[in-house]
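Shown next: model.cif, given as mmCIF, C-alpha atoms.
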```
data_my_file
loop_
_atom_site.label_atom_id
_atom_site.label_comp_id
_atom_site.auth_asym_id
_atom_site.auth_seq_id
_atom_site.Cartn_x
_atom_site.Cartn_y
_atom_site.Cartn_z
CA MET P 232 38.93 80.09 -17.23
CA PHE P 233 36.36 78.36 -19.41
CA ARG P 234 34.24 81.48 -19.50
CA LEU P 235 37.16 83.53 -20.80
CA ALA P 236 38.07 80.90 -23.38
CA GLN P 237 34.47 80.64 -24.50
CA ASP P 238 34.23 84.41 -24.93
CA LEU P 239 37.40 84.39 -27.02
CA ILE P 240 36.12 81.59 -29.21
CA ALA P 241 32.73 83.18 -29.61
CA SER P 242 34.26 86.46 -30.75
CA GLY P 243 35.89 84.98 -33.86
CA MET P 244 34.72 83.68 -37.21
CA ARG P 245 33.36 80.13 -37.32
CA PRO P 246 33.81 79.92 -33.56
CA ARG P 247 32.94 76.24 -33.26
CA LEU P 248 35.38 75.14 -35.95
CA ARG P 249 38.54 76.68 -34.54
CA LEU P 250 39.96 73.37 -33.26
CA ASP P 251 38.97 71.64 -36.49
CA ASN P 252 41.04 74.20 -38.40
CA VAL P 253 44.03 73.51 -36.17
CA LEU P 254 43.76 69.72 -36.32
CA THR P 255 43.43 69.69 -40.09
CA GLU P 256 47.06 70.84 -40.17
CA ALA P 257 48.16 68.28 -37.57
CA THR P 258 49.32 65.37 -39.68
CA ASP P 259 52.34 64.16 -37.70
CA TRP P 260 50.37 62.10 -35.20
CA ASP P 261 48.57 58.75 -35.46
CA VAL P 262 46.07 59.63 -32.77
CA ILE P 263 45.20 62.90 -31.10
CA LEU P 264 43.28 62.62 -27.87
CA VAL P 265 41.44 65.73 -26.75
CA ASP P 266 40.26 65.92 -23.17
CA ALA P 267 37.09 67.93 -23.54
CA PRO P 268 35.71 70.11 -20.75
CA PRO P 269 32.85 68.58 -18.79
CA SER P 270 30.37 71.34 -19.57
CA LEU P 271 28.60 71.75 -22.88
CA GLY P 272 29.36 74.96 -24.73
CA PRO P 273 31.53 76.35 -27.53
CA LEU P 274 34.69 74.68 -26.20
CA ASN P 275 33.06 71.29 -26.08
CA ASP P 276 31.44 71.86 -29.48
CA ASN P 277 34.89 72.58 -30.91
CA VAL P 278 36.16 69.23 -29.69
CA VAL P 279 33.11 67.35 -30.95
CA LEU P 280 33.31 68.90 -34.42
CA ALA P 281 37.08 68.50 -34.73
CA THR P 282 37.45 64.85 -33.74
CA ASP P 283 36.50 61.59 -35.45
CA GLY P 284 34.53 60.32 -32.51
CA LEU P 285 33.86 60.47 -28.84
CA ILE P 286 34.61 58.35 -25.84
CA VAL P 287 32.07 59.44 -23.28
CA PRO P 288 33.11 59.27 -19.63
CA VAL P 289 30.27 58.82 -17.17
CA GLU P 290 29.89 57.80 -13.56
CA ALA P 291 27.53 55.17 -12.28
CA ASP P 292 24.87 57.52 -11.07
CA GLU P 293 21.69 59.22 -12.21
CA SER P 294 23.30 62.60 -12.83
CA SER P 295 25.44 61.03 -15.57
CA GLN P 296 22.28 59.73 -17.25
CA LEU P 297 20.95 63.28 -17.28
CA ALA P 298 24.28 64.56 -18.62
CA LEU P 299 24.19 61.90 -21.35
CA ASN P 300 20.75 63.13 -22.36
CA HIS P 301 22.09 66.69 -22.67
CA LEU P 302 25.05 65.43 -24.69
CA LEU P 303 22.89 63.44 -27.12
CA ARG P 304 20.67 66.47 -27.67
CA GLN P 305 23.73 68.60 -28.34
CA LEU P 306 25.20 66.04 -30.75
CA ASP P 307 21.94 65.90 -32.69
CA THR P 308 21.83 69.69 -32.88
CA LEU P 309 25.44 69.94 -34.06
CA GLU P 310 24.93 67.20 -36.65
CA ASP P 311 21.90 69.05 -38.02
CA ASN P 312 23.57 72.44 -38.07
CA TYR P 313 26.94 71.34 -39.40
CA ASP P 314 25.73 68.58 -41.68
CA THR P 315 28.10 66.10 -40.11
CA ARG P 316 28.08 62.75 -38.37
CA ILE P 317 29.50 62.43 -34.87
CA ASP P 318 30.41 58.90 -33.78
CA ILE P 319 30.45 57.59 -30.25
CA PHE P 320 33.27 55.06 -29.94
CA GLY P 321 32.53 53.90 -26.43
CA ILE P 322 31.40 54.68 -22.91
CA ILE P 323 33.69 54.67 -19.89
CA VAL P 324 31.97 54.19 -16.56
CA SER P 325 34.64 55.53 -14.24
CA ASN P 326 35.20 55.59 -10.53
CA VAL P 327 33.29 52.35 -10.06
CA ALA P 328 33.62 51.14 -6.48
CA TYR P 329 33.06 47.49 -5.63
CA PRO P 330 31.07 46.17 -3.88
CA LEU P 331 28.47 48.06 -5.87
CA ASP P 332 25.62 49.68 -4.03
CA ASN P 333 22.15 49.38 -5.52
CA GLU P 334 22.32 52.77 -7.18
CA GLN P 335 25.62 52.05 -8.91
CA GLU P 336 24.52 48.60 -10.00
CA ALA P 337 21.31 49.98 -11.51
CA ALA P 338 23.19 52.79 -13.23
CA ILE P 339 25.76 50.44 -14.78
CA GLU P 340 22.98 48.16 -16.00
CA TRP P 341 21.24 51.21 -17.45
CA PHE P 342 24.32 52.14 -19.50
CA GLU P 343 24.98 48.57 -20.57
CA GLU P 344 21.40 48.01 -21.69
CA ARG P 345 21.60 51.03 -23.94
CA PHE P 346 25.11 50.75 -25.35
CA GLU P 347 26.05 47.07 -25.35
CA ASN P 348 25.86 45.60 -28.86
CA ARG P 349 26.37 49.12 -30.12
CA VAL P 350 29.67 50.31 -28.66
CA PRO P 351 31.91 49.06 -25.84
CA VAL P 352 31.05 49.98 -22.27
CA TRP P 353 34.21 49.90 -20.16
CA GLN P 354 34.37 50.04 -16.41
CA ILE P 355 37.25 51.71 -14.65
CA ARG P 356 37.29 50.91 -10.98
CA ASN P 357 38.16 53.38 -8.30
CA ARG P 358 41.87 52.79 -7.70
CA VAL P 359 44.07 54.90 -5.52
CA ASP P 360 47.07 53.85 -7.64
CA ILE P 361 45.55 55.59 -10.67
CA LYS P 362 45.33 58.81 -8.67
CA ARG P 363 48.88 58.33 -7.40
CA ALA P 364 50.21 57.89 -10.93
CA ILE P 365 48.42 61.03 -12.10
CA GLN P 366 49.68 62.99 -9.10
CA SER P 367 53.22 61.80 -9.84
CA GLY P 368 52.86 63.12 -13.36
CA TYR P 369 53.09 59.86 -15.23
CA SER P 370 50.91 57.22 -16.85
CA ILE P 371 49.80 54.03 -15.11
CA PHE P 372 51.96 52.22 -17.69
CA HIS P 373 55.09 54.00 -16.49
CA PRO P 374 57.70 51.60 -15.05
CA ASP P 375 57.55 53.35 -11.70
CA ALA P 376 53.77 53.15 -11.45
CA GLU P 377 52.21 50.57 -9.15
CA ASP P 378 50.75 47.53 -10.86
CA ILE P 379 47.12 48.40 -11.44
CA ASP P 380 44.50 45.84 -12.41
CA MET P 381 42.93 48.36 -14.77
CA GLU P 382 45.81 48.27 -17.27
CA ASP P 383 44.04 45.83 -19.58
CA GLU P 384 40.90 47.96 -19.50
CA TYR P 385 42.90 51.03 -20.47
CA SER P 386 44.68 49.00 -23.17
CA GLN P 387 41.33 48.00 -24.63
CA ILE P 388 40.25 51.62 -24.73
CA ALA P 389 43.50 52.62 -26.42
CA GLN P 390 43.14 49.82 -28.95
CA GLU P 391 39.60 50.89 -29.72
CA VAL P 392 40.84 54.38 -30.46
CA ALA P 393 43.82 53.12 -32.50
CA ASN P 394 41.58 50.78 -34.46
CA VAL P 395 39.22 53.45 -35.69
CA MET V 75 14.25 60.99 -19.81
CA SER V 76 15.12 57.38 -20.62
CA ASP V 77 12.59 57.35 -23.44
CA GLU V 78 14.16 60.38 -25.05
CA ILE V 79 17.64 58.87 -24.70
CA ASP V 80 16.48 55.55 -26.15
CA GLU V 81 14.92 57.34 -29.10
CA ARG V 82 18.04 59.38 -29.78
CA LEU V 83 20.30 56.36 -29.40
CA SER V 84 18.25 54.23 -31.77
CA GLN V 85 18.34 56.97 -34.38
CA ARG V 86 22.06 57.42 -33.84
CA PHE V 87 22.94 53.74 -34.12
CA GLU V 88 20.20 52.73 -36.54
CA SER V 89 22.37 52.62 -39.64
CA ASP V 90 25.16 50.73 -37.86
CA GLU V 91 22.76 48.11 -36.57
CA GLY V 92 21.36 47.52 -40.02
CA GLU V 93 24.85 46.75 -41.26
CA ASP V 94 25.38 44.13 -38.57
CA GLU V 95 23.07 41.58 -40.04
CA GLN V 96 24.70 41.18 -43.40
CA PRO V 97 28.05 39.82 -42.25
CA GLN V 98 26.30 37.29 -40.01
CA SER V 99 24.40 35.75 -42.92
CA GLU V 100 27.61 35.73 -44.95
CA ASP V 101 29.34 33.97 -42.08
CA SER V 102 26.94 31.05 -42.13
CA ASP V 103 27.55 30.61 -45.86
CA MET V 104 31.29 30.77 -45.32
CA SER V 105 31.31 28.19 -42.56
CA SER V 106 29.66 25.60 -44.78
CA ASN V 107 31.82 26.29 -47.82
CA ASN V 108 35.24 27.04 -46.49
CA SER V 109 36.93 23.75 -47.35
CA GLN V 110 38.84 25.28 -50.22
CA ALA V 111 39.88 28.39 -48.34
CA ASP V 112 43.45 28.48 -47.19
CA LYS V 113 44.43 29.41 -43.66
CA THR V 114 45.20 33.00 -44.45
CA ALA V 115 41.85 33.51 -46.10
CA GLN V 116 40.13 31.93 -43.13
CA THR V 117 41.97 34.26 -40.81
CA SER V 118 40.83 37.22 -42.79
CA GLN V 119 37.22 36.03 -42.77
CA ASN V 120 37.25 35.08 -39.12
CA THR V 121 38.65 38.40 -38.05
CA GLN V 122 35.94 40.25 -39.91
CA LYS V 123 33.07 38.36 -38.32
CA PRO V 124 32.56 40.05 -34.98
CA LYS V 125 31.01 43.47 -34.89
CA ASN V 126 32.67 44.42 -31.66
CA ILE V 127 35.96 42.61 -31.26
CA LYS V 128 36.64 44.39 -27.99
CA LYS V 129 33.76 42.57 -26.41
CA GLU V 130 33.99 39.25 -28.21
CA TRP V 131 37.75 38.78 -28.27
CA ASN V 132 40.36 38.74 -25.54
CA VAL V 133 42.80 41.50 -24.81
CA ARG V 134 46.53 40.96 -24.30
CA SER V 135 49.14 43.58 -23.62
CA PHE V 136 52.60 43.27 -25.15
CA TYR V 137 55.77 45.09 -24.29
CA LEU V 138 58.12 45.47 -27.27
CA ASP V 139 61.51 47.11 -27.41
CA ASP V 140 62.02 50.13 -29.64
CA ASP V 141 63.27 48.19 -32.67
CA LEU V 142 60.53 45.61 -32.66
CA ASP V 143 57.89 48.22 -32.00
CA ALA V 144 59.18 50.37 -34.88
CA ASN V 145 59.33 47.34 -37.19
CA LEU V 146 55.78 46.41 -36.32
CA SER V 147 54.51 49.90 -37.11
CA MET V 148 56.51 50.02 -40.33
CA MET V 149 55.23 46.61 -41.42
CA PHE V 150 51.64 47.69 -40.88
CA LYS V 151 52.14 50.82 -42.98
CA ARG V 152 53.81 48.83 -45.74
CA LEU V 153 51.06 46.22 -45.73
CA ASP V 154 48.37 48.89 -45.76
CA LEU V 155 50.07 50.53 -48.75
CA ARG V 156 50.58 47.21 -50.52
CA LEU V 157 46.94 46.27 -50.13
CA SER V 158 45.74 49.67 -51.29
CA GLU V 159 47.93 49.37 -54.39
CA THR V 160 46.38 46.02 -55.28
CA ASP V 161 42.83 47.40 -55.17
CA SER V 162 42.08 45.01 -52.33
CA ASP V 163 38.70 45.41 -50.66
CA VAL V 164 40.31 44.86 -47.28
CA ASP V 165 40.60 48.06 -45.30
CA ILE V 166 43.14 46.64 -42.93
CA LYS V 167 42.80 47.56 -39.28
CA LYS V 168 45.54 47.03 -36.75
CA THR V 169 43.51 45.45 -34.02
CA ARG V 170 40.98 43.59 -36.12
CA HIS V 171 43.30 42.24 -38.82
CA PHE V 172 46.99 42.97 -38.43
CA TYR V 173 47.77 41.92 -34.85
CA PRO V 174 45.81 38.63 -35.03
CA LEU V 175 47.52 37.87 -38.36
CA ILE V 176 50.97 38.51 -36.87
CA VAL V 177 50.18 36.23 -33.92
CA GLU V 178 48.72 33.50 -36.11
CA LEU V 179 51.67 33.53 -38.51
CA GLY V 180 54.03 33.58 -35.53
CA LEU V 181 52.28 30.58 -34.00
CA GLU V 182 52.48 28.68 -37.29
CA ARG V 183 56.19 29.43 -37.51
CA LEU V 184 56.79 28.45 -33.89
CA GLU V 185 54.97 25.19 -34.51
CA GLU V 186 57.55 24.34 -37.18
CA MET V 187 60.61 25.34 -35.15
CA GLU V 188 62.78 22.95 -33.19
CA SER V 189 63.35 23.80 -29.53
CA THR V 190 67.01 24.54 -30.18
CA GLU V 191 66.02 26.95 -32.92
CA VAL V 192 63.69 28.73 -30.50
CA THR V 193 66.31 29.05 -27.76
CA GLU V 194 68.89 30.29 -30.25
CA ARG V 195 66.46 32.93 -31.39
CA LEU V 196 65.67 33.98 -27.85
CA ASP V 197 69.36 34.21 -27.01
CA GLY V 198 70.02 36.27 -30.10
#
```
Give the structure from this file in structure tokens form.
Amino acid sequence: MFRLAQDLIASGMRPRLRLDNVLTEATDWDVILVDAPPSLGPLNDNVVLATDGLIVPVEADESSQLALNHLLRQLDTLEDNYDTRIDIFGIIVSNVAYPLDNEQEAAIEWFEERFENRVPVWQIRNRVDIKRAIQSGYSIFHPDAEDIDMEDEYSQIAQEVANV
Amino acid sequence: MSDEIDERLSQRFESDEGEDEQPQSEDSDMSSNNSQADKTAQTSQNTQKPKNIKKEWNVRSFYLDDDLDANLSMMFKRLDLRLSETDSDVDIKKTRHFYPLIVELGLERLEEMESTEVTERLDG
């Protein structure tokens, strides 16, 4: 699906600014959250260039550190080519399972060392109730959702976005 | 890999980090000379101190009914407009300025209220 979408985008004029063109007209909303695809490419570039900033989801493992490196390179390239500034609002370390094993603990420390005092680093723990809420088609804040101890963490993330 | 990431991150956040130091030095001046500042002014100064309020402050979730929620949003927009019309330097932010101000003013008001007044209000 992504391949098809990327081909379509790449066939038009200013292919990486398509979403930016759309969002410029979208004035009826306080906040627009765009869930970007995990892979770097024209689709992801569209999101990065159209939005005010990024919340970067990672997992507590080494592959996410590598992915972060790719992302930072891409952001630098886009900033140079499009003469823009792309902000990172925060990092979400998701799917964190306690008790932490050594690899997870080291990975979380690695992210915190680099981003703390710069932007928030949130941890979302692995919770089956989050998956249940998603599968049921509603938010974890929905009245029918189970009480989840991650609500405050999600509220903080939402406030960070609303506060920008 | 980490070296490259560190380098890119320091370049990316370099300008932000430079801005951090100024408010801190202003804060120390303020704390020694704030005797003439009124409570509202202190609130405004205090809420501007931290760089990252999400880390330094505490989070609380509120559930508001539709009317109260709409009034809160409307009040923020009005205040934002009012401040912009007065050429104020304050670029008011909901989380950093507005919500703490609402809570502080509410606490001051509650402090003055008699218990009966509070229960009447809650019943209403």
Discussion item. Restricting the calculation to only C-alpha atoms: of V:Leu157, V:Asp197, V:Tyr173, V:Asp141, which residue gets closest to chain P?
Written reply: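 Checking each candidate against chain P, we get V:Tyr173 as the closest.
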Practice prompt. May I ask which of the residues V:Leu184, V:Ala144, V:Ile176, V:Ile166 is the closest one to chain P, counting all atoms listed in the file?
Written response: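 With all atoms listed in the file as the atom set, the closest residue is V:Ile166.
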Fill in: Picked residues, the PyMOL selection byres ((chain V) within 6 of (chain P)), expected as an NGL selection string
:V and (79 or 167-169)
Fill in: Distance in Å - CA of Ile263 (chain P) versus CA of Leu146 (chain V)
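The value is 20.3 Å.
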Worksheet item: By how many Å are CA of Phe372 (chain P) and CA of Leu264 (chain P) apart?
Response: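 Separating CA of Phe372 (chain P) from CA of Leu264 (chain P) is a distance of 16.9 Å.
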Item to complete: Go through P:Phe342, P:Ser325, P:Thr308, P:Asp292 and flag the residue nearest Ile361 (chain P), using only C-alpha atoms for the distances.
Response: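 Smallest separation from Ile361 (chain P) among the options: P:Ser325.
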Practice prompt. Step by step, work through what the PyMOL selection byres ((chain P and resi 247-259) around 8) selects in the shown file, and finish by giving those residues as a ChimeraX atom specification.
Written response: /P:240-241,245-246,260-261,273-274,276-278,280-282
Worksheet item: Could you work out how far CA of Gly284 (chain P) lies from CA of Tyr369 (chain P), giving the answer in Å with one decimal?
Response: 25.4 Å
Practice prompt. Would you list the contacts of Tyr329 (chain P) as a ChimeraX atom specification, taking every protein, DNA or RNA residue within 12 Å and counting all atoms listed in the file, but skipping same-chain residues closer than 5 positions in sequence?
Written response: /P:291,335-336,354-358
Using 3 Å of padding on each side, determine the axis-aligned box around all atoms of region 139-144 of chain V present in the file and give its centre and edge lengths in Å to one decimal, as JSON.
```
{"center_x": 60.6, "center_y": 48.0, "center_z": -31.1, "size_x": 11.4, "size_y": 10.8, "size_z": 13.5}
```
